[in-house]
$ cat upload.cif   # mmCIF, C-alpha atoms
data_protein
loop_
_atom_site.group_PDB
_atom_site.id
_atom_site.type_symbol
_atom_site.label_atom_id
_atom_site.label_comp_id
_atom_site.auth_asym_id
_atom_site.auth_seq_id
_atom_site.Cartn_x
_atom_site.Cartn_y
_atom_site.Cartn_z
ATOM 1 C CA MET A 464 0.000 0.000 0.000
ATOM 2 C CA ASN A 465 1.100 3.552 -0.639
ATOM 3 C CA ASP A 466 1.837 5.710 2.393
ATOM 4 C CA TYR A 467 0.019 9.041 2.035
ATOM 5 C CA ASN A 468 3.228 10.813 3.059
ATOM 6 C CA THR A 469 4.995 9.614 -0.088
ATOM 7 C CA LYS A 470 2.617 11.766 -2.116
ATOM 8 C CA ILE A 471 3.262 14.941 -0.126
ATOM 9 C CA PRO A 472 6.113 17.224 -1.297
ATOM 10 C CA ALA A 473 9.349 16.767 0.642
ATOM 11 C CA SER A 474 9.273 20.405 1.747
ATOM 12 C CA ASN A 475 6.135 19.631 3.732
ATOM 13 C CA PHE A 476 7.418 16.562 5.589
ATOM 14 C CA GLN A 477 8.111 18.436 8.820
ATOM 15 C CA GLN A 478 4.850 20.354 8.770
ATOM 16 C CA LYS A 479 1.665 19.218 10.425
ATOM 17 C CA LYS A 480 -0.646 17.718 7.821
ATOM 18 C CA LEU A 481 -4.003 19.320 7.055
ATOM 19 C CA ASN A 482 -6.770 17.018 5.864
ATOM 20 C CA ILE A 483 -9.972 18.683 4.593
ATOM 21 C CA TYR A 484 -13.289 16.811 4.451
ATOM 22 C CA PHE A 485 -16.248 17.656 2.243
ATOM 23 C CA THR A 486 -19.383 15.829 1.186
ATOM 24 C CA ALA A 487 -19.550 14.981 -2.518
ATOM 25 C CA GLY A 488 -22.475 16.518 -4.397
ATOM 26 C CA ILE A 489 -22.791 19.877 -2.616
ATOM 27 C CA PRO A 490 -23.558 22.719 -3.051
ATOM 28 C CA SER A 491 -24.573 21.367 -6.459
ATOM 29 C CA LEU A 492 -24.090 17.946 -8.008
ATOM 30 C CA GLU A 493 -21.224 18.914 -10.301
ATOM 31 C CA ASP A 494 -19.120 20.855 -7.768
ATOM 32 C CA THR A 495 -17.088 17.873 -6.524
ATOM 33 C CA GLY A 496 -14.146 18.351 -8.869
ATOM 34 C CA LYS A 497 -14.126 22.107 -8.374
ATOM 35 C CA ILE A 498 -13.952 21.695 -4.588
ATOM 36 C CA ALA A 499 -11.209 19.066 -4.821
ATOM 37 C CA LYS A 500 -9.091 21.406 -6.948
ATOM 38 C CA LEU A 501 -9.749 24.287 -4.542
ATOM 39 C CA ILE A 502 -8.569 22.180 -1.586
ATOM 40 C CA GLN A 503 -5.369 21.221 -3.387
ATOM 41 C CA GLU A 504 -4.627 24.733 -4.652
ATOM 42 C CA SER A 505 -5.218 26.208 -1.184
ATOM 43 C CA GLY A 506 -2.421 24.150 0.339
ATOM 44 C CA ALA A 507 -4.122 21.227 2.098
ATOM 45 C CA ASP A 508 -2.082 18.022 2.218
ATOM 46 C CA MET A 509 -4.935 15.612 1.556
ATOM 47 C CA MET A 510 -8.709 15.418 1.428
ATOM 48 C CA GLU A 511 -11.544 13.189 2.562
ATOM 49 C CA ILE A 512 -14.521 13.018 0.243
ATOM 50 C CA GLY A 513 -17.729 11.967 1.948
ATOM 51 C CA ILE A 514 -20.083 9.548 0.225
ATOM 52 C CA PRO A 515 -23.645 10.750 0.943
ATOM 53 C CA TYR A 516 -25.778 8.382 2.996
ATOM 54 C CA SER A 517 -29.302 8.638 4.338
ATOM 55 C CA ASP A 518 -28.352 7.757 7.932
ATOM 56 C CA PRO A 519 -24.891 9.182 8.763
ATOM 57 C CA VAL A 520 -24.963 8.288 12.463
ATOM 58 C CA ALA A 521 -21.450 9.574 13.327
ATOM 59 C CA ASP A 522 -22.139 13.007 11.890
ATOM 60 C CA GLY A 523 -23.613 16.150 13.379
ATOM 61 C CA PRO A 524 -26.396 18.301 11.895
ATOM 62 C CA VAL A 525 -24.240 20.252 9.406
ATOM 63 C CA ILE A 526 -22.855 17.179 7.681
ATOM 64 C CA GLN A 527 -26.230 15.432 7.968
ATOM 65 C CA ASP A 528 -27.702 18.383 6.054
ATOM 66 C CA ALA A 529 -24.903 18.067 3.497
ATOM 67 C CA HIS A 530 -25.687 14.374 2.997
ATOM 68 C CA SER A 531 -29.387 15.145 2.540
ATOM 69 C CA LEU A 532 -28.682 17.890 0.001
ATOM 70 C CA ALA A 533 -26.227 15.731 -1.928
ATOM 71 C CA LEU A 534 -28.732 12.883 -2.178
ATOM 72 C CA LYS A 535 -31.428 15.341 -3.241
ATOM 73 C CA ASN A 536 -29.025 16.643 -5.891
ATOM 74 C CA GLY A 537 -28.682 13.114 -7.253
ATOM 75 C CA MET A 538 -25.231 12.116 -5.975
ATOM 76 C CA SER A 539 -24.460 8.406 -6.073
ATOM 77 C CA ILE A 540 -21.340 6.254 -5.831
ATOM 78 C CA LYS A 541 -21.439 5.729 -9.601
ATOM 79 C CA LYS A 542 -21.638 9.474 -10.206
ATOM 80 C CA LEU A 543 -18.833 10.132 -7.717
ATOM 81 C CA PHE A 544 -16.509 7.709 -9.493
ATOM 82 C CA GLU A 545 -17.244 9.475 -12.792
ATOM 83 C CA GLN A 546 -16.322 12.804 -11.199
ATOM 84 C CA LEU A 547 -13.142 11.428 -9.630
ATOM 85 C CA ALA A 548 -12.059 9.988 -12.977
ATOM 86 C CA GLU A 549 -12.249 13.491 -14.446
ATOM 87 C CA ILE A 550 -9.823 14.913 -11.864
ATOM 88 C CA LYS A 551 -7.503 11.935 -11.527
ATOM 89 C CA GLU A 552 -4.612 13.658 -13.298
ATOM 90 C CA SER A 553 -5.180 17.214 -12.046
ATOM 91 C CA VAL A 554 -5.762 16.570 -8.323
ATOM 92 C CA THR A 555 -2.730 14.684 -7.116
ATOM 93 C CA ILE A 556 -2.811 15.073 -3.314
ATOM 94 C CA PRO A 557 -4.219 11.978 -1.589
ATOM 95 C CA LYS A 558 -7.980 11.543 -1.977
ATOM 96 C CA ILE A 559 -9.637 9.400 0.700
ATOM 97 C CA LEU A 560 -13.255 8.276 0.458
ATOM 98 C CA MET A 561 -15.206 8.312 3.715
ATOM 99 C CA GLY A 562 -18.560 6.620 3.934
ATOM 100 C CA TYR A 563 -20.739 4.011 5.548
ATOM 101 C CA LEU A 564 -20.624 0.299 4.855
ATOM 102 C CA ASN A 565 -24.152 -0.296 3.565
ATOM 103 C CA PRO A 566 -23.881 1.652 0.265
ATOM 104 C CA VAL A 567 -20.426 0.179 -0.358
ATOM 105 C CA LEU A 568 -21.762 -3.358 0.087
ATOM 106 C CA GLN A 569 -24.670 -2.563 -2.226
ATOM 107 C CA PHE A 570 -22.187 -1.413 -4.854
ATOM 108 C CA GLY A 571 -20.099 -4.540 -4.231
ATOM 109 C CA PHE A 572 -17.037 -4.253 -1.981
ATOM 110 C CA GLU A 573 -14.444 -5.538 -4.428
ATOM 111 C CA ASN A 574 -16.006 -3.658 -7.323
ATOM 112 C CA PHE A 575 -15.914 -0.520 -5.164
ATOM 113 C CA CYS A 576 -12.221 -1.015 -4.336
ATOM 114 C CA GLN A 577 -11.354 -1.681 -7.967
ATOM 115 C CA LYS A 578 -13.080 1.546 -9.031
ATOM 116 C CA CYS A 579 -11.281 3.459 -6.270
ATOM 117 C CA ALA A 580 -7.948 2.281 -7.622
ATOM 118 C CA GLU A 581 -8.926 3.164 -11.185
ATOM 119 C CA VAL A 582 -9.867 6.766 -10.353
ATOM 120 C CA GLY A 583 -6.907 7.549 -8.103
ATOM 121 C CA VAL A 584 -8.373 7.132 -4.622
ATOM 122 C CA SER A 585 -5.645 6.543 -2.023
ATOM 123 C CA GLY A 586 -7.638 5.032 0.811
ATOM 124 C CA LEU A 587 -10.913 4.504 2.638
ATOM 125 C CA ILE A 588 -12.491 5.358 5.966
ATOM 126 C CA ILE A 589 -15.602 3.325 6.770
ATOM 127 C CA PRO A 590 -16.405 3.982 10.458
ATOM 128 C CA ASP A 591 -18.984 1.204 10.790
ATOM 129 C CA LEU A 592 -16.823 -1.580 9.327
ATOM 130 C CA PRO A 593 -16.000 -3.865 12.296
ATOM 131 C CA PRO A 594 -12.280 -4.614 12.657
ATOM 132 C CA ILE A 595 -12.910 -8.355 12.846
ATOM 133 C CA GLU A 596 -14.766 -8.205 9.522
ATOM 134 C CA PHE A 597 -11.876 -6.198 8.087
ATOM 135 C CA GLU A 598 -9.395 -8.837 9.224
ATOM 136 C CA ASN A 599 -11.403 -11.826 8.058
ATOM 137 C CA LYS A 600 -12.969 -10.562 4.855
ATOM 138 C CA TYR A 601 -12.040 -7.133 3.520
ATOM 139 C CA GLY A 602 -8.410 -6.389 4.355
ATOM 140 C CA GLU A 603 -7.004 -8.582 1.584
ATOM 141 C CA ILE A 604 -9.299 -6.960 -0.985
ATOM 142 C CA LEU A 605 -8.023 -3.507 -0.005
ATOM 143 C CA LYS A 606 -4.431 -4.735 -0.147
ATOM 144 C CA LYS A 607 -5.033 -6.249 -3.586
ATOM 145 C CA HIS A 608 -6.107 -2.846 -4.897
ATOM 146 C CA HIS A 609 -3.357 -0.927 -3.046
ATOM 147 C CA LEU A 610 -5.768 1.052 -0.890
ATOM 148 C CA ASN A 611 -5.048 2.335 2.602
ATOM 149 C CA PHE A 612 -7.668 1.903 5.305
ATOM 150 C CA THR A 613 -8.010 4.062 8.410
ATOM 151 C CA PHE A 614 -9.682 3.097 11.677
ATOM 152 C CA LEU A 615 -10.967 5.530 14.306
ATOM 153 C CA VAL A 616 -10.089 5.675 18.007
ATOM 154 C CA THR A 617 -11.635 7.790 20.792
ATOM 155 C CA PRO A 618 -10.593 8.939 24.295
ATOM 156 C CA GLU A 619 -12.375 5.851 25.650
ATOM 157 C CA THR A 620 -10.454 3.391 23.466
ATOM 158 C CA SER A 621 -8.070 1.269 25.536
ATOM 159 C CA GLU A 622 -4.345 1.273 24.776
ATOM 160 C CA LYS A 623 -4.552 -2.364 23.752
ATOM 161 C CA ARG A 624 -7.318 -1.620 21.255
ATOM 162 C CA ILE A 625 -5.581 1.526 19.955
ATOM 163 C CA LYS A 626 -2.544 -0.595 19.137
ATOM 164 C CA TYR A 627 -4.762 -3.230 17.532
ATOM 165 C CA LEU A 628 -6.564 -0.689 15.329
ATOM 166 C CA ASP A 629 -3.249 0.968 14.479
ATOM 167 C CA SER A 630 -1.891 -2.413 13.368
ATOM 168 C CA LEU A 631 -4.838 -2.812 10.972
ATOM 169 C CA SER A 632 -4.697 0.776 9.681
ATOM 170 C CA SER A 633 -2.449 2.191 6.993
ATOM 171 C CA GLY A 634 -1.890 5.791 5.995
ATOM 172 C CA PHE A 635 -2.861 7.289 9.338
ATOM 173 C CA LEU A 636 -4.846 6.597 12.507
ATOM 174 C CA TYR A 637 -7.937 8.796 12.957
ATOM 175 C CA ALA A 638 -8.178 9.972 16.578
ATOM 176 C CA VAL A 639 -11.593 11.432 17.370
ATOM 177 C CA SER A 640 -11.008 14.431 19.654
ATOM 178 C CA SER A 641 -13.850 13.541 21.989
ATOM 179 C CA SER A 642 -16.773 11.144 22.142
ATOM 180 C CA SER A 643 -19.217 13.177 20.082
ATOM 181 C CA THR A 644 -20.538 13.568 16.573
ATOM 182 C CA THR A 645 -18.764 15.661 13.953
ATOM 183 C CA GLY A 646 -18.994 19.409 14.432
ATOM 184 C CA ASN A 647 -20.057 19.206 18.065
ATOM 185 C CA GLU A 648 -19.541 22.644 19.602
ATOM 186 C CA ASN A 649 -18.768 21.001 22.952
ATOM 187 C CA ALA A 650 -16.025 18.733 21.618
ATOM 188 C CA VAL A 651 -13.041 18.726 23.972
ATOM 189 C CA LEU A 652 -10.198 19.430 21.585
ATOM 190 C CA LYS A 653 -7.211 19.655 23.873
ATOM 191 C CA ASN A 654 -7.697 16.547 25.972
ATOM 192 C CA GLU A 655 -4.161 16.465 27.365
ATOM 193 C CA ASN A 656 -4.348 12.988 28.879
ATOM 194 C CA TYR A 657 -5.698 11.523 25.648
ATOM 195 C CA LEU A 658 -3.173 13.297 23.415
ATOM 196 C CA ASP A 659 -0.313 12.403 25.758
ATOM 197 C CA ARG A 660 -1.433 8.774 25.768
ATOM 198 C CA LEU A 661 -1.520 8.638 21.959
ATOM 199 C CA ALA A 662 1.875 10.325 21.696
ATOM 200 C CA SER A 663 3.422 7.870 24.160
ATOM 201 C CA LEU A 664 2.366 4.754 22.258
ATOM 202 C CA ASP A 665 4.689 3.177 19.716
ATOM 203 C CA LEU A 666 2.279 3.441 16.778
ATOM 204 C CA LYS A 667 3.181 2.598 13.192
ATOM 205 C CA ASN A 668 0.885 5.265 11.713
ATOM 206 C CA PRO A 669 0.864 9.050 12.126
ATOM 207 C CA VAL A 670 -2.040 10.247 14.291
ATOM 208 C CA PHE A 671 -4.553 12.712 12.844
ATOM 209 C CA ILE A 672 -7.036 14.418 15.175
ATOM 210 C CA GLY A 673 -10.569 15.069 13.945
ATOM 211 C CA PHE A 674 -14.012 16.275 15.123
ATOM 212 C CA GLY A 675 -14.509 19.860 16.312
ATOM 213 C CA ILE A 676 -11.536 21.642 14.691
ATOM 214 C CA LYS A 677 -12.884 24.985 13.505
ATOM 215 C CA ASN A 678 -9.929 27.338 13.018
ATOM 216 C CA LYS A 679 -6.150 27.783 12.971
ATOM 217 C CA SER A 680 -5.920 27.907 16.761
ATOM 218 C CA ASP A 681 -7.779 24.596 17.113
ATOM 219 C CA PHE A 682 -5.564 23.028 14.447
ATOM 220 C CA GLU A 683 -2.373 24.186 16.157
ATOM 221 C CA ASN A 684 -3.612 22.974 19.549
ATOM 222 C CA VAL A 685 -4.447 19.437 18.459
ATOM 223 C CA THR A 686 -1.320 19.022 16.355
ATOM 224 C CA GLU A 687 1.097 19.892 19.155
ATOM 225 C CA LYS A 688 1.226 16.177 19.928
ATOM 226 C CA ALA A 689 -0.199 14.701 16.731
ATOM 227 C CA GLN A 690 0.957 14.649 13.135
ATOM 228 C CA GLY A 691 -2.133 16.118 11.539
ATOM 229 C CA GLY A 692 -5.635 17.480 11.880
ATOM 230 C CA ILE A 693 -8.887 16.869 10.004
ATOM 231 C CA ILE A 694 -11.360 19.689 9.367
ATOM 232 C CA GLY A 695 -14.823 18.811 8.109
ATOM 233 C CA THR A 696 -17.857 20.585 9.525
ATOM 234 C CA ALA A 697 -16.353 24.085 9.432
ATOM 235 C CA PHE A 698 -15.481 23.696 5.738
ATOM 236 C CA VAL A 699 -18.780 22.020 4.809
ATOM 237 C CA LYS A 700 -20.637 24.876 6.514
ATOM 238 C CA ILE A 701 -18.865 27.316 4.180
ATOM 239 C CA LEU A 702 -20.023 25.289 1.180
ATOM 240 C CA LEU A 703 -23.610 25.196 2.414
ATOM 241 C CA ASP A 704 -23.984 28.769 3.640
ATOM 242 C CA ASN A 705 -22.154 30.958 1.107
ATOM 243 C CA LYS A 706 -22.824 31.690 -2.546
ATOM 244 C CA ASP A 707 -19.196 32.807 -2.806
ATOM 245 C CA TRP A 708 -17.979 29.575 -1.204
ATOM 246 C CA GLU A 709 -14.994 29.347 -3.559
ATOM 247 C CA VAL A 710 -13.454 32.561 -2.214
ATOM 248 C CA LYS A 711 -14.370 31.859 1.419
ATOM 249 C CA GLY A 712 -13.294 28.220 1.212
ATOM 250 C CA ARG A 713 -9.919 29.113 -0.261
ATOM 251 C CA ASP A 714 -9.334 31.814 2.347
ATOM 252 C CA PHE A 715 -10.352 29.422 5.130
ATOM 253 C CA ILE A 716 -7.864 26.711 4.144
ATOM 254 C CA LYS A 717 -5.036 29.174 3.504
ATOM 255 C CA GLY A 718 -5.739 30.684 6.923
ATOM 256 C CA ILE A 719 -5.241 27.317 8.595
ATOM 257 C CA LYS A 720 -1.987 26.580 6.774
#
$ encode --input "upload.cif" --output "structure tokens"
Amino acid sequence: MNDYNTKIPASNFQQKKLNIYFTAGIPSLEDTGKIAKLIQESGADMMEIGIPYSDPVADGPVIQDAHSLALKNGMSIKKLFEQLAEIKESVTIPKILMGYLNPVLQFGFENFCQKCAEVGVSGLIIPDLPPIEFENKYGEILKKHHLNFTFLVTPETSEKRIKYLDSLSSGFLYAVSSSSTTGNENAVLKNENYLDRLASLDLKNPVFIGFGIKNKSDFENVTEKAQGGIIGTAFVKILLDNKDWEVKGRDFIKGIK
């Protein structure tokens, strides 16, 4: 499998990595490629592209609204792959698909992975895929198609399980900042004990912190002891709330970096 870091310019190796999430199919159906290019041109190191789903249980109201709008706009996995094929050569920072297991299984897991490889996707995040199922059934399929897979850990995850999930992951380990849904205003970002515990473990993957990062200060706080940060809700809100989202989105990402 390809390490995401191998696709990031050498000049950026010592910098904290910024990963921007957005939901495919918003504000309008055909904006996916435009947003992906904006994220790359604004200086982000990688991106997560959300696959719309009718019941995104790990997500807060902003991203739930984004999923609903994208589905209303007509976004589907088939359409998303068509859009990703169009930007395969022009958007070269790592593109990670994040979604829920049910639509992927309906599409066909191996067929899905094969299409990911064809259109230049680097890896997957599927929060509701059980690790035991990954080990027994899906891990070899991902490996066959040279796709990374990232598991999530939380402040409540035991050290033993963190190490287990890290051993299954490739690319990076997604550390949820606090036990909440995405975009939760009450998310505890600088949980010192949690961040210290993660930093003290001998993990094979870099740790990226996600959930609740809204600005440059948040990003700098969580990356003091982690290798990267993931921003989703704050960026998606810009896409949903502003007609001039291209200008505001670009300024937002550049402001973080």
$ resolve_selection --input "upload.cif" --expression "the PyMOL selection byres ((chain A and resi 547-551) around 9)" --output "NGL selection string"
:A and (495-496 or 499-500 or 542-546 or 552-555 or 579 or 581-584)
$ atom_distance --input "upload.cif" --atom1 "CA of Lys720 (chain A)" --atom2 "CA of Gly675 (chain A)"
17.1 Å
$ atom_distance --input "upload.cif" --atom1 "CA of Val639 (chain A)" --atom2 "CA of Asn654 (chain A)"
10.7 Å
$ atom_distance --input "upload.cif" --atom1 "CA of Ala487 (chain A)" --atom2 "CA of Lys535 (chain A)"
11.9 Å
$ residues_around --input "upload.cif" --residues "Ala662 (chain A)" --least-positions-apart "3" --cutoff "10 Å" --atoms "only C-alpha atoms" --output "NGL selection string"
:A and (656-659 or 665-666 or 669-670 or 687-690)
$ resolve_selection --input "upload.cif" --expression "the PyMOL selection byres ((chain A and resi 625) around 12)" --output "count of residues only"
34
$ resolve_selection --input "upload.cif" --expression "the PyMOL selection byres ((chain A and resi 585) around 12)" --output "ChimeraX atom specification"
/A:464-470,509-512,547,551,554-561,576-584,586-588,605-606,608-613,633-635
$ closest_residue --input "upload.cif" --among "A:Gly513, A:Phe698, A:His530, A:Glu573" --to "Ile589 (chain A)" --atoms "all atoms listed in the file"
A:Gly513
